[in-house]
$ cat structure.txt   # compact mmCIF, C-alpha atoms
# COMPACT_ATOMS: atom_id res chain seq x y z
CA MET Z 160 79.41 112.66 83.87
CA ALA Z 161 80.84 109.80 85.88
CA VAL Z 162 78.42 108.16 88.32
CA ALA Z 163 78.98 106.18 91.53
CA ASP Z 164 76.57 104.47 93.88
CA PHE Z 165 76.93 105.03 97.61
CA TRP Z 166 75.31 102.12 99.47
CA TYR Z 167 74.66 102.65 103.14
CA GLU Z 168 72.74 101.16 106.06
CA PHE Z 169 71.43 103.38 108.87
CA ALA Z 170 72.45 100.87 111.55
CA SER Z 171 76.03 100.78 110.26
CA THR Z 172 78.58 102.70 112.30
CA TYR Z 173 81.12 103.40 109.56
CA SER Z 174 78.31 104.62 107.29
CA TYR Z 175 78.15 107.65 109.61
CA PRO Z 176 81.56 109.25 108.87
CA ALA Z 177 81.21 108.17 105.23
CA ALA Z 178 77.81 109.84 104.78
CA MET Z 179 79.13 113.05 106.30
CA ARG Z 180 81.91 113.44 103.73
CA VAL Z 181 81.01 111.46 100.60
CA ALA Z 182 79.16 114.30 98.83
CA GLY Z 183 82.16 116.64 99.09
CA LEU Z 184 84.57 113.93 97.92
CA ALA Z 185 82.36 113.12 94.92
CA GLU Z 186 81.88 116.76 93.97
CA ALA Z 187 85.62 117.44 94.11
CA ARG Z 188 86.10 114.68 91.51
CA GLY Z 189 83.14 115.61 89.30
CA VAL Z 190 81.34 112.36 90.15
CA ALA Z 191 77.52 112.28 90.37
CA LEU Z 192 76.57 110.34 93.46
CA ARG Z 193 73.52 108.12 93.83
CA TRP Z 194 72.57 107.62 97.50
CA ARG Z 195 71.33 104.05 97.90
CA PRO Z 196 70.01 103.10 101.33
CA PHE Z 197 69.66 99.36 101.92
CA LEU Z 198 69.44 96.86 104.78
CA LEU Z 199 72.33 94.64 105.82
CA GLY Z 200 70.16 92.36 107.98
CA PRO Z 201 69.13 89.99 105.18
CA ILE Z 202 72.73 89.80 103.91
CA PHE Z 203 74.09 89.03 107.39
CA ALA Z 204 71.31 86.49 108.00
CA ALA Z 205 72.17 84.71 104.74
CA GLN Z 206 75.66 84.05 106.09
CA GLY Z 207 74.38 82.83 109.42
CA TRP Z 208 74.70 85.97 111.56
CA ARG Z 209 71.74 86.94 113.70
CA ASP Z 210 73.46 89.99 115.15
CA SER Z 211 76.11 92.49 114.10
CA PRO Z 212 79.60 90.97 113.79
CA PHE Z 213 80.67 93.75 116.19
CA ASN Z 214 78.49 92.13 118.84
CA LEU Z 215 79.29 88.54 117.83
CA TYR Z 216 83.06 89.22 118.06
CA PRO Z 217 83.65 91.42 121.13
CA ASN Z 218 87.30 92.30 120.39
CA LYS Z 219 86.27 93.50 116.95
CA GLY Z 220 83.40 95.46 118.48
CA ARG Z 221 85.57 97.16 121.11
CA TYR Z 222 88.02 98.10 118.41
CA MET Z 223 85.32 99.48 116.11
CA TRP Z 224 83.91 101.83 118.78
CA ARG Z 225 87.35 103.16 119.63
CA ASP Z 226 88.28 103.49 115.97
CA LEU Z 227 85.04 105.34 115.21
CA GLU Z 228 85.68 107.69 118.10
CA ARG Z 229 89.21 108.44 116.88
CA ILE Z 230 87.96 109.05 113.33
CA SER Z 231 85.23 111.37 114.62
CA VAL Z 232 87.69 113.38 116.71
CA ALA Z 233 90.14 113.63 113.80
CA ARG Z 234 87.40 114.94 111.50
CA GLY Z 235 85.68 117.19 113.98
CA LEU Z 236 82.51 115.09 113.94
CA PRO Z 237 80.44 114.81 117.10
CA PHE Z 238 80.39 111.26 118.43
CA ARG Z 239 78.29 109.61 121.06
CA ARG Z 240 77.85 105.87 121.26
CA PRO Z 241 74.14 104.94 121.27
CA GLU Z 242 72.97 102.76 124.15
CA ARG Z 243 71.62 100.16 121.80
CA PHE Z 244 73.50 98.70 118.82
CA PRO Z 245 72.57 97.87 116.15
CA GLN Z 246 69.40 99.93 115.96
CA ASN Z 247 66.30 99.03 113.99
CA SER Z 248 66.87 101.02 110.81
CA LEU Z 249 63.84 99.90 108.80
CA LEU Z 250 61.74 103.06 109.08
CA ALA Z 251 64.69 105.35 108.39
CA ALA Z 252 65.58 103.28 105.31
CA ARG Z 253 62.01 103.41 104.05
CA VAL Z 254 61.85 107.19 104.48
CA ALA Z 255 65.21 107.66 102.74
CA THR Z 256 63.95 105.47 99.90
CA VAL Z 257 60.83 107.57 99.39
CA LEU Z 258 62.79 110.83 99.33
CA GLU Z 259 64.69 111.90 96.23
CA GLY Z 260 67.83 113.85 95.38
CA GLU Z 261 69.13 116.35 97.91
CA ALA Z 262 66.29 115.63 100.35
CA ARG Z 263 67.44 112.01 100.60
CA ALA Z 264 71.07 113.03 101.11
CA GLU Z 265 70.25 115.60 103.77
CA PHE Z 266 67.79 113.31 105.58
CA THR Z 267 70.50 110.64 105.60
CA ARG Z 268 73.08 112.96 107.16
CA ARG Z 269 70.60 114.11 109.82
CA VAL Z 270 69.67 110.54 110.76
CA PHE Z 271 73.33 109.59 111.15
CA ALA Z 272 74.08 112.77 113.10
CA ALA Z 273 71.21 112.00 115.50
CA GLU Z 274 72.25 108.37 115.88
CA PHE Z 275 76.04 108.53 116.25
CA GLY Z 276 76.60 112.24 116.86
CA ASP Z 277 73.95 112.57 119.58
CA GLY Z 278 73.58 108.88 120.50
CA LEU Z 279 69.80 108.93 119.96
CA SER Z 280 67.43 106.17 118.91
CA ILE Z 281 66.50 106.20 115.23
CA ALA Z 282 64.00 103.37 115.63
CA ASP Z 283 61.76 105.97 117.24
CA ARG Z 284 58.89 107.04 114.96
CA GLU Z 285 58.61 110.49 116.54
CA ARG Z 286 62.27 111.20 115.96
CA ILE Z 287 62.08 110.23 112.28
CA ALA Z 288 58.98 112.43 111.90
CA GLN Z 289 60.87 115.35 113.47
CA LEU Z 290 63.82 114.88 111.13
CA VAL Z 291 61.44 114.88 108.15
CA ALA Z 292 59.74 118.04 109.44
CA GLY Z 293 63.16 119.65 109.83
CA LEU Z 294 63.64 119.29 106.07
CA GLY Z 295 60.46 121.31 105.48
CA LEU Z 296 58.48 118.24 104.43
CA ALA Z 297 55.13 117.05 105.79
CA PRO Z 298 55.98 114.26 108.24
CA GLU Z 299 52.60 112.46 108.19
CA ALA Z 300 52.34 112.30 104.41
CA THR Z 301 56.00 111.34 104.03
CA LEU Z 302 55.80 108.51 106.53
CA GLU Z 303 52.62 107.26 104.90
CA GLN Z 304 54.33 107.18 101.50
CA ALA Z 305 57.39 105.58 103.06
CA GLU Z 306 55.23 102.75 104.36
CA SER Z 307 53.25 102.24 101.19
CA GLU Z 308 53.48 98.80 99.58
CA ALA Z 309 55.12 100.33 96.51
CA ASN Z 310 57.90 101.94 98.56
CA LYS Z 311 58.45 98.84 100.71
CA ALA Z 312 58.86 96.86 97.50
CA ARG Z 313 61.32 99.45 96.19
CA LEU Z 314 63.54 99.10 99.27
CA LYS Z 315 63.29 95.31 99.07
CA ALA Z 316 64.43 95.42 95.45
CA GLU Z 317 67.41 97.59 96.45
CA CYS Z 318 68.40 95.05 99.13
CA ALA Z 319 68.16 92.25 96.56
CA ARG Z 320 70.28 94.28 94.14
CA ALA Z 321 72.92 94.91 96.81
CA ALA Z 322 73.16 91.19 97.56
CA GLU Z 323 73.26 90.38 93.83
CA ILE Z 324 76.29 92.59 93.17
CA GLY Z 325 78.20 91.06 96.08
CA ILE Z 326 77.80 93.76 98.73
CA PHE Z 327 78.55 92.28 102.15
CA GLY Z 328 78.96 95.36 104.35
CA ALA Z 329 78.33 99.08 104.60
CA PRO Z 330 79.20 101.61 103.47
CA SER Z 331 80.04 100.38 99.98
CA LEU Z 332 80.73 102.31 96.83
CA THR Z 333 80.16 100.80 93.38
CA THR Z 334 81.14 102.11 89.98
CA GLU Z 335 79.54 101.83 86.54
CA ASP Z 336 82.18 99.34 85.41
CA GLY Z 337 81.39 96.98 88.29
CA GLU Z 338 84.06 97.75 90.88
CA LEU Z 339 83.16 97.47 94.56
CA PHE Z 340 84.86 99.45 97.34
CA TRP Z 341 84.03 98.65 100.95
CA GLY Z 342 84.32 101.01 103.88
CA ASP Z 343 84.67 104.66 104.72
CA ASP Z 344 88.41 104.26 104.13
CA ARG Z 345 87.90 103.30 100.46
CA LEU Z 346 85.76 106.33 99.48
CA GLU Z 347 88.61 108.32 97.92
CA GLN Z 348 89.92 105.31 96.02
CA GLY Z 349 86.43 104.35 94.78
CA LEU Z 350 85.56 107.88 93.67
CA ASP Z 351 88.95 108.27 91.98
CA TRP Z 352 88.19 105.05 90.12
CA ALA Z 353 84.73 106.31 89.15
CA ALA Z 354 86.27 109.54 87.88
CA GLY Z 355 88.67 107.59 85.70
CA ARG Z 356 91.78 108.25 87.74
CA ARG Z 357 92.50 104.61 88.47
CA ALA Z 358 95.39 105.01 90.81
CA MET X 550 112.11 108.01 120.56
CA ALA X 551 108.50 106.97 119.97
CA VAL X 552 107.95 103.26 119.50
CA ALA X 553 105.23 101.27 117.73
CA ASP X 554 104.63 97.55 117.38
CA PHE X 555 103.82 96.14 113.96
CA TRP X 556 101.99 92.83 114.37
CA TYR X 557 101.74 90.65 111.29
CA GLU X 558 100.90 87.11 110.21
CA PHE X 559 102.56 85.54 107.19
CA ALA X 560 99.29 83.99 105.99
CA SER X 561 97.51 87.36 106.07
CA THR X 562 96.94 89.02 102.72
CA TYR X 563 96.81 92.64 103.89
CA SER X 564 99.98 92.10 105.91
CA TYR X 565 101.77 91.98 102.51
CA PRO X 566 101.25 95.60 101.34
CA ALA X 567 101.63 96.76 104.96
CA ALA X 568 104.98 95.01 105.44
CA MET X 569 106.27 96.50 102.20
CA ARG X 570 105.71 100.10 103.31
CA VAL X 571 105.59 100.25 107.11
CA ALA X 572 109.34 100.83 107.63
CA GLY X 573 109.31 103.90 105.38
CA LEU X 574 106.18 105.30 107.02
CA ALA X 575 107.68 104.81 110.50
CA GLU X 576 111.02 106.33 109.54
CA ALA X 577 109.34 109.42 108.05
CA ARG X 578 107.67 110.03 111.42
CA GLY X 579 110.70 109.25 113.57
CA VAL X 580 109.02 106.18 115.06
CA ALA X 581 111.08 103.12 116.01
CA LEU X 582 109.27 100.04 114.75
CA ARG X 583 109.21 96.65 116.42
CA TRP X 584 108.36 93.85 113.95
CA ARG X 585 106.21 91.31 115.78
CA PRO X 586 105.28 88.17 113.86
CA PHE X 587 102.44 86.16 115.38
CA LEU X 588 99.85 83.56 114.39
CA LEU X 589 96.19 84.39 113.86
CA GLY X 590 95.06 80.75 113.85
CA PRO X 591 94.63 80.45 117.64
CA ILE X 592 92.76 83.78 117.75
CA PHE X 593 90.41 82.78 114.93
CA ALA X 594 89.90 79.33 116.51
CA ALA X 595 88.92 80.97 119.81
CA GLN X 596 86.03 82.72 118.07
CA GLY X 597 84.90 79.55 116.34
CA TRP X 598 86.54 79.94 112.93
CA ARG X 599 88.40 76.93 111.54
CA ASP X 600 89.33 78.71 108.33
CA SER X 601 90.03 82.25 107.15
CA PRO X 602 86.93 84.48 107.19
CA PHE X 603 87.79 85.17 103.53
CA ASN X 604 87.05 81.52 102.81
CA LEU X 605 84.13 81.25 105.22
CA TYR X 606 82.40 84.30 103.63
CA PRO X 607 82.89 84.03 99.84
CA ASN X 608 81.67 87.56 98.97
CA LYS X 609 84.14 88.99 101.43
CA GLY X 610 86.87 86.76 100.00
CA ARG X 611 86.18 87.75 96.39
CA TYR X 612 86.26 91.38 97.42
CA MET X 613 89.52 91.02 99.35
CA TRP X 614 91.38 89.49 96.40
CA ARG X 615 90.20 92.21 94.04
CA ASP X 616 90.95 94.92 96.62
CA LEU X 617 94.44 93.54 97.20
CA GLU X 618 95.06 93.45 93.45
CA ARG X 619 93.96 97.09 93.08
CA ILE X 620 96.15 98.17 96.01
CA SER X 621 99.15 96.32 94.56
CA VAL X 622 98.69 97.92 91.13
CA ALA X 623 98.29 101.38 92.66
CA ARG X 624 101.51 100.95 94.67
CA GLY X 625 103.55 99.26 91.97
CA LEU X 626 103.76 96.02 93.97
CA PRO X 627 103.86 92.71 92.13
CA PHE X 628 100.79 90.61 92.85
CA ARG X 629 99.98 87.00 92.15
CA ARG X 630 97.31 85.11 94.01
CA PRO X 631 98.72 81.91 95.52
CA GLU X 632 96.90 78.70 94.65
CA ARG X 633 96.34 77.87 98.27
CA PHE X 634 94.98 80.26 100.89
CA PRO X 635 95.61 80.56 103.73
CA GLN X 636 99.06 79.03 103.75
CA ASN X 637 100.72 77.31 106.66
CA SER X 638 102.81 80.13 108.10
CA LEU X 639 104.25 78.39 111.15
CA LEU X 640 107.81 77.85 109.90
CA ALA X 641 108.06 81.37 108.48
CA ALA X 642 106.83 82.82 111.78
CA ARG X 643 109.35 80.76 113.76
CA VAL X 644 112.22 81.90 111.53
CA ALA X 645 111.13 85.55 111.74
CA THR X 646 110.98 85.16 115.52
CA VAL X 647 114.52 83.84 115.76
CA LEU X 648 115.92 86.64 113.60
CA GLU X 649 116.53 90.11 115.04
CA GLY X 650 116.45 93.69 113.84
CA GLU X 651 116.94 94.38 110.14
CA ALA X 652 117.33 90.67 109.33
CA ARG X 653 113.81 90.04 110.65
CA ALA X 654 112.35 92.96 108.70
CA GLU X 655 114.04 91.96 105.45
CA PHE X 656 113.20 88.27 105.84
CA THR X 657 109.57 89.31 106.42
CA ARG X 658 109.45 91.39 103.23
CA ARG X 659 111.00 88.58 101.20
CA VAL X 660 108.54 85.99 102.50
CA PHE X 661 105.58 88.25 101.63
CA ALA X 662 107.04 89.07 98.21
CA ALA X 663 107.45 85.34 97.47
CA GLU X 664 103.94 84.55 98.71
CA PHE X 665 101.79 87.32 97.26
CA GLY X 666 104.14 88.89 94.72
CA ASP X 667 105.15 85.61 93.08
CA GLY X 668 102.27 83.41 94.31
CA LEU X 669 104.64 80.80 95.79
CA SER X 670 104.18 78.44 98.73
CA ILE X 671 105.77 79.61 101.96
CA ALA X 672 104.91 76.38 103.77
CA ASP X 673 107.77 74.85 101.78
CA ARG X 674 110.88 74.21 103.89
CA GLU X 675 113.25 74.52 100.95
CA ARG X 676 111.84 77.93 100.04
CA ILE X 677 112.23 79.26 103.57
CA ALA X 678 115.81 77.93 103.65
CA GLN X 679 116.55 79.72 100.34
CA LEU X 680 115.15 83.00 101.65
CA VAL X 681 117.33 82.69 104.75
CA ALA X 682 120.37 81.94 102.58
CA GLY X 683 119.55 85.02 100.48
CA LEU X 684 120.06 87.15 103.59
CA GLY X 685 123.59 85.78 103.94
CA LEU X 686 122.66 83.59 106.90
CA ALA X 687 123.29 79.87 107.34
CA PRO X 688 119.97 78.20 106.53
CA GLU X 689 120.53 74.94 108.42
CA ALA X 690 121.62 76.59 111.66
CA THR X 691 118.89 79.23 111.43
CA LEU X 692 116.11 76.70 110.89
CA GLU X 693 117.45 74.61 113.73
CA GLN X 694 117.38 77.61 116.08
CA ALA X 695 113.92 78.56 114.76
CA GLU X 696 112.63 75.13 115.73
CA SER X 697 114.29 75.02 119.13
CA GLU X 698 111.97 74.68 122.11
CA ALA X 699 113.06 78.11 123.37
CA ASN X 700 112.11 79.82 120.12
CA LYS X 701 108.81 77.94 119.80
CA ALA X 702 107.97 79.13 123.29
CA ARG X 703 108.92 82.69 122.35
CA LEU X 704 106.51 82.70 119.41
CA LYS X 705 103.79 81.14 121.56
CA ALA X 706 104.24 83.90 124.12
CA GLU X 707 103.91 86.52 121.37
CA CYS X 708 100.64 84.93 120.21
CA ALA X 709 99.34 84.97 123.79
CA ARG X 710 100.37 88.62 124.12
CA ALA X 711 98.57 89.54 120.88
CA ALA X 712 95.37 87.90 122.11
CA GLU X 713 95.74 89.56 125.51
CA ILE X 714 95.88 93.07 124.06
CA GLY X 715 92.78 92.47 121.94
CA ILE X 716 94.34 91.86 118.53
CA PHE X 717 91.80 90.13 116.28
CA GLY X 718 93.32 90.54 112.81
CA ALA X 719 96.48 91.36 110.91
CA PRO X 720 98.25 93.58 110.29
CA SER X 721 97.79 95.52 113.52
CA LEU X 722 99.77 98.41 114.90
CA THR X 723 99.91 99.14 118.62
CA THR X 724 101.30 102.12 120.46
CA GLU X 725 102.97 102.53 123.85
CA ASP X 726 99.84 104.17 125.26
CA GLY X 727 97.70 101.16 124.37
CA GLU X 728 96.02 102.20 121.12
CA LEU X 729 95.29 99.52 118.52
CA PHE X 730 95.06 100.20 114.77
CA TRP X 731 93.92 97.42 112.49
CA GLY X 732 94.74 97.06 108.83
CA ASP X 733 97.09 98.32 106.17
CA ASP X 734 94.79 101.33 105.81
CA ARG X 735 95.41 102.44 109.39
CA LEU X 736 99.21 102.47 109.28
CA GLU X 737 99.54 106.23 108.72
CA GLN X 738 97.01 107.03 111.43
CA GLY X 739 98.62 104.62 113.90
CA LEU X 740 102.15 105.87 113.27
CA ASP X 741 100.97 109.49 113.48
CA TRP X 742 99.48 108.60 116.85
CA ALA X 743 102.70 106.93 117.98
CA ALA X 744 104.66 110.00 116.92
CA GLY X 745 102.39 112.19 119.01
CA ARG X 746 100.53 113.84 116.13
CA ARG X 747 97.13 112.58 117.18
CA ALA X 748 95.07 113.71 114.22

$ encode --input "structure.txt" --output "C-alpha cells"
Amino acid sequence: MAVADFWYEFASTYSYPAAMRVAGLAEARGVALRWRPFLLGPIFAAQGWRDSPFNLYPNKGRYMWRDLERISVARGLPFRRPERFPQNSLLAARVATVLEGEARAEFTRRVFAAEFGDGLSIADRERIAQLVAGLGLAPEATLEQAESEANKARLKAECARAAEIGIFGAPSLTTEDGELFWGDDRLEQGLDWAAGRRA
Amino acid sequence: MAVADFWYEFASTYSYPAAMRVAGLAEARGVALRWRPFLLGPIFAAQGWRDSPFNLYPNKGRYMWRDLERISVARGLPFRRPERFPQNSLLAARVATVLEGEARAEFTRRVFAAEFGDGLSIADRERIAQLVAGLGLAPEATLEQAESEANKARLKAECARAAEIGIFGAPSLTTEDGELFWGDDRLEQGLDWAAGRRA
C-alpha cells in the first residue's frame, strides 16, 4: 500500500482545512496516511523570523485571513478568526504525538475545529484536557504521558526530521520517493503522486 | 460582462504557468480579462527584501523549482530553469505595457515561454526585439514607444496601483468587487468569483 506523510502544525492556519479533508482524499486514492505533527517555530527561527510571516508581512496576513475564510465558506467549514495568532501549539503537538492512529487523527481535527472553527485558544490546558476527554481517553494520564521526557524527545526528533527533509511550511505532504508538496492546495497532487498517478 | 484583472511580473516563476492558461480559463467562464503587467521589485523592497524570497530562503527556493517542474510536466508545458533568477524584467514589462489587447497577451506568453520554457534571458534587448518582431510589429518603433516617458509613467502608475490594492506577489487576480486571489493555484477560484459563481 502506498504511504504518504501529512506534516502539520497546530498554529498553522492552512493546516486547518487540510486536516479536515486529507483523510478522505487519501482513502479515495488508496494511500495510507501518517499524521505527523511538528513545530514550525524552530524552522522559522532558523531563517530569522521571530513571528509568523503573516504577522511580519501585513498584506500577506490580510490576504491569508480572507483566503482562509473563502476556502472555509466554499467547503462548508466553520470559520472564526482567533483573537491571538499564532497560538502556542506546544501542548497540542505533544498530545498529538503521544496518541496513535485514529485517536491522533481525530484529536487533530478537533483541535483545529476548536481553534479556527470556533476561534478558541488551544494554548489553554483545560481545553486540551477536554478535547482528550471527548475522545474517551483519560485526560490526566494522557497529558502526563504527553509531557514525559520520552514524548518530548519524540516530538523534537520529528521537528528535526522535518527540517532535515526541507520542510519550510505547513501543511506539507511527503512521499516515499522523496517528493515534497506544500500547502492545502497541493494535497490532491501529492496524494496522486503517492498513489503512483503522477499527473 | 464580468471583468477580472490578471496581474503578473515577468520575473515571477508561477506567473509562467498562469499566463499560459488564464485566457482559456477566463473565456470558459465568460470573464473579460485585463492583462496587467507590473513589477514586484518595489513591493518586495518595501518589506525589506533585496532579492527574491526564493533566493533569500533556500528551502523555499528548492521547493519552488521542483514544484514548477512538476506543474509544467503535468500540463505539458516546456520547462527549463534559467541560469539567472530573478531576471531583470523591466524592458519586458515596458513593452507589454505599451502593447494593447491580444498583442499584449501574446507577447506576454512568448516572453514567459522564452524565459521558463527555453531558459533564455529576457533582460536581453535583442531577444525582446525579436519577440516583438515575431508578433508582426516593428521592433524599433515599439521599443522606442515602450521607453517613452509617458509609457514609463504608465507602468509606474500600475505598480503603485498594485501596491495600493494590497498585491504582495504574482500572479494575482483581482475582481471588480475587490477580491484578491494570489497564485496560479487560485486562478479557477478567482475567475469563478468574477463570474459570480462564488463557490

$ residues_around --input "structure.txt" --residues "X:Arg643" --least-positions-apart "4" --cutoff "8 Å" --atoms "all atoms listed in the file" --output "list in words"
Leu639, Val647, Ala695, Glu696, Asn700, Lys701 and Leu704 of chain X

$ write_last_selection --input "structure.txt" --atoms "C-alpha atoms" --output "PDB file, in the coordinates of the input"
ATOM      1  CA  LEU X 639     104.250  78.390 111.150  1.00  0.00           C
ATOM      2  CA  VAL X 647     114.520  83.840 115.760  1.00  0.00           C
ATOM      3  CA  ALA X 695     113.920  78.560 114.760  1.00  0.00           C
ATOM      4  CA  GLU X 696     112.630  75.130 115.730  1.00  0.00           C
ATOM      5  CA  ASN X 700     112.110  79.820 120.120  1.00  0.00           C
ATOM      6  CA  LYS X 701     108.810  77.940 119.800  1.00  0.00           C
ATOM      7  CA  LEU X 704     106.510  82.700 119.410  1.00  0.00           C
TER       8      LEU X 704
END

$ interface_residues --input "structure.txt" --of "chain X" --to "chain Z" --cutoff "9 Å" --atoms "all atoms listed in the file" --output "PyMOL selection string"
chain X and resi 596+605-606+608-609+611-612+615-616+619-620+622-624+715-718+728-731+734-735+747-748

$ write_last_selection --input "structure.txt" --atoms "C-alpha atoms" --output "PDB file, in the coordinates of the input"
ATOM      1  CA  GLN X 596      86.030  82.720 118.070  1.00  0.00           C
ATOM      2  CA  LEU X 605      84.130  81.250 105.220  1.00  0.00           C
ATOM      3  CA  TYR X 606      82.400  84.300 103.630  1.00  0.00           C
ATOM      4  CA  ASN X 608      81.670  87.560  98.970  1.00  0.00           C
ATOM      5  CA  LYS X 609      84.140  88.990 101.430  1.00  0.00           C
ATOM      6  CA  ARG X 611      86.180  87.750  96.390  1.00  0.00           C
ATOM      7  CA  TYR X 612      86.260  91.380  97.420  1.00  0.00           C
ATOM      8  CA  ARG X 615      90.200  92.210  94.040  1.00  0.00           C
ATOM      9  CA  ASP X 616      90.950  94.920  96.620  1.00  0.00           C
ATOM     10  CA  ARG X 619      93.960  97.090  93.080  1.00  0.00           C
ATOM     11  CA  ILE X 620      96.150  98.170  96.010  1.00  0.00           C
ATOM     12  CA  VAL X 622      98.690  97.920  91.130  1.00  0.00           C
ATOM     13  CA  ALA X 623      98.290 101.380  92.660  1.00  0.00           C
ATOM     14  CA  ARG X 624     101.510 100.950  94.670  1.00  0.00           C
ATOM     15  CA  GLY X 715      92.780  92.470 121.940  1.00  0.00           C
ATOM     16  CA  ILE X 716      94.340  91.860 118.530  1.00  0.00           C
ATOM     17  CA  PHE X 717      91.800  90.130 116.280  1.00  0.00           C
ATOM     18  CA  GLY X 718      93.320  90.540 112.810  1.00  0.00           C
ATOM     19  CA  GLU X 728      96.020 102.200 121.120  1.00  0.00           C
ATOM     20  CA  LEU X 729      95.290  99.520 118.520  1.00  0.00           C
ATOM     21  CA  PHE X 730      95.060 100.200 114.770  1.00  0.00           C
ATOM     22  CA  TRP X 731      93.920  97.420 112.490  1.00  0.00           C
ATOM     23  CA  ASP X 734      94.790 101.330 105.810  1.00  0.00           C
ATOM     24  CA  ARG X 735      95.410 102.440 109.390  1.00  0.00           C
ATOM     25  CA  ARG X 747      97.130 112.580 117.180  1.00  0.00           C
ATOM     26  CA  ALA X 748      95.070 113.710 114.220  1.00  0.00           C
TER      27      ALA X 748
END

$ residues_near_point --input "structure.txt" --point "(107.3, 107.2, 125.5)" --cutoff "12 Å" --atoms "all atoms listed in the file" --output "NGL selection string"
:X and (550-553 or 580-581 or 724-727 or 742-745)

$ residues_around --input "structure.txt" --residues "X:Glu618" --least-positions-apart "6" --cutoff "12 Å" --atoms "only C-alpha atoms" --output "tab-separated table (two decimals) with C-alpha atoms, in the coordinates of the input"
chain	number	residue	atom	x	y	z
Z	358	ALA	CA	95.39	105.01	90.81
X	562	THR	CA	96.94	89.02	102.72
X	563	TYR	CA	96.81	92.64	103.89
X	565	TYR	CA	101.77	91.98	102.51
X	566	PRO	CA	101.25	95.60	101.34
X	611	ARG	CA	86.18	87.75	96.39
X	612	TYR	CA	86.26	91.38	97.42
X	624	ARG	CA	101.51	100.95	94.67
X	625	GLY	CA	103.55	99.26	91.97
X	626	LEU	CA	103.76	96.02	93.97
X	627	PRO	CA	103.86	92.71	92.13
X	628	PHE	CA	100.79	90.61	92.85
X	629	ARG	CA	99.98	87.00	92.15
X	630	ARG	CA	97.31	85.11	94.01
X	665	PHE	CA	101.79	87.32	97.26
X	666	GLY	CA	104.14	88.89	94.72

$ axis_aligned_box --input "structure.txt" --around "stretch 313-328 of chain Z" --padding-each-side "4 Å" --output "lines of an AutoDock Vina configuration file"
center_x = 70.1
center_y = 94.9
center_z = 98.8
size_x = 25.6
size_y = 17.1
size_z = 19.2

$ atom_distance --input "structure.txt" --atom1 "atom CA of Z:Pro241" --atom2 "atom CA of Z:Ser211"
14.5 Å

$ closest_residue --input "structure.txt" --among "Z:Ala251, Z:Ala288, Z:Leu350, Z:Leu199" --to "Z:Glu274" --atoms "only C-alpha atoms"
Z:Ala251

$ atom_distance --input "structure.txt" --atom1 "atom CA of X:Thr657" --atom2 "atom CA of X:Ala706"
19.3 Å

$ atom_distance --input "structure.txt" --atom1 "atom CA of Z:Pro330" --atom2 "atom CA of Z:Asp343"
6.4 Å

$ closest_residue --input "structure.txt" --among "Z:Phe203, Z:Arg188, Z:Asp277, Z:Ala252" --to "Z:Ala264" --atoms "all atoms listed in the file"
Z:Ala252

$ residues_around --input "structure.txt" --residues "Z:Arg195" --least-positions-apart "6" --cutoff "7 Å" --atoms "only C-alpha atoms" --output "ChimeraX atom specification"
/Z:164-167

$ decode --input "structure.txt" --residues "stretch 231-240 of chain Z" --atoms "N, CA, C and O atoms" --output "JSON list (two decimals), in the first residue's frame"
[["chain", "number", "residue", "atom", "x", "y", "z"],
["Z", 231, "SER", "N", -13.07, 28.26, 3.64],
["Z", 231, "SER", "CA", -13.97, 27.65, 4.63],
["Z", 231, "SER", "C", -15.41, 27.71, 4.15],
["Z", 231, "SER", "O", -16.15, 26.72, 4.23],
["Z", 232, "VAL", "N", -15.83, 28.87, 3.66],
["Z", 232, "VAL", "CA", -17.20, 29.02, 3.15],
["Z", 232, "VAL", "C", -17.44, 28.04, 2.00],
["Z", 232, "VAL", "O", -18.45, 27.32, 1.98],
["Z", 233, "ALA", "N", -16.49, 27.98, 1.08],
["Z", 233, "ALA", "CA", -16.66, 27.11, -0.10],
["Z", 233, "ALA", "C", -16.79, 25.64, 0.31],
["Z", 233, "ALA", "O", -17.47, 24.87, -0.35],
["Z", 234, "ARG", "N", -16.13, 25.26, 1.41],
["Z", 234, "ARG", "CA", -16.14, 23.85, 1.81],
["Z", 234, "ARG", "C", -17.12, 23.55, 2.94],
["Z", 234, "ARG", "O", -17.14, 22.45, 3.48],
["Z", 235, "GLY", "N", -17.88, 24.56, 3.33],
["Z", 235, "GLY", "CA", -18.83, 24.35, 4.41],
["Z", 235, "GLY", "C", -18.18, 24.10, 5.76],
["Z", 235, "GLY", "O", -18.73, 23.43, 6.63],
["Z", 236, "LEU", "N", -16.98, 24.67, 5.95],
["Z", 236, "LEU", "CA", -16.28, 24.55, 7.23],
["Z", 236, "LEU", "C", -16.57, 25.77, 8.08],
["Z", 236, "LEU", "O", -16.52, 26.90, 7.57],
["Z", 237, "PRO", "N", -16.87, 25.59, 9.36],
["Z", 237, "PRO", "CA", -16.99, 26.78, 10.21],
["Z", 237, "PRO", "C", -15.67, 27.54, 10.24],
["Z", 237, "PRO", "O", -14.61, 26.93, 10.14],
["Z", 238, "PHE", "N", -15.74, 28.85, 10.35],
["Z", 238, "PHE", "CA", -14.51, 29.63, 10.44],
["Z", 238, "PHE", "C", -14.71, 30.81, 11.38],
["Z", 238, "PHE", "O", -15.65, 31.59, 11.23],
["Z", 239, "ARG", "N", -13.82, 30.92, 12.33],
["Z", 239, "ARG", "CA", -13.79, 32.09, 13.18],
["Z", 239, "ARG", "C", -12.33, 32.41, 13.51],
["Z", 239, "ARG", "O", -11.62, 31.57, 14.06],
["Z", 240, "ARG", "N", -11.94, 33.62, 13.18],
["Z", 240, "ARG", "CA", -10.55, 34.00, 13.39],
["Z", 240, "ARG", "C", -10.26, 34.13, 14.89],
["Z", 240, "ARG", "O", -10.94, 34.87, 15.59]]
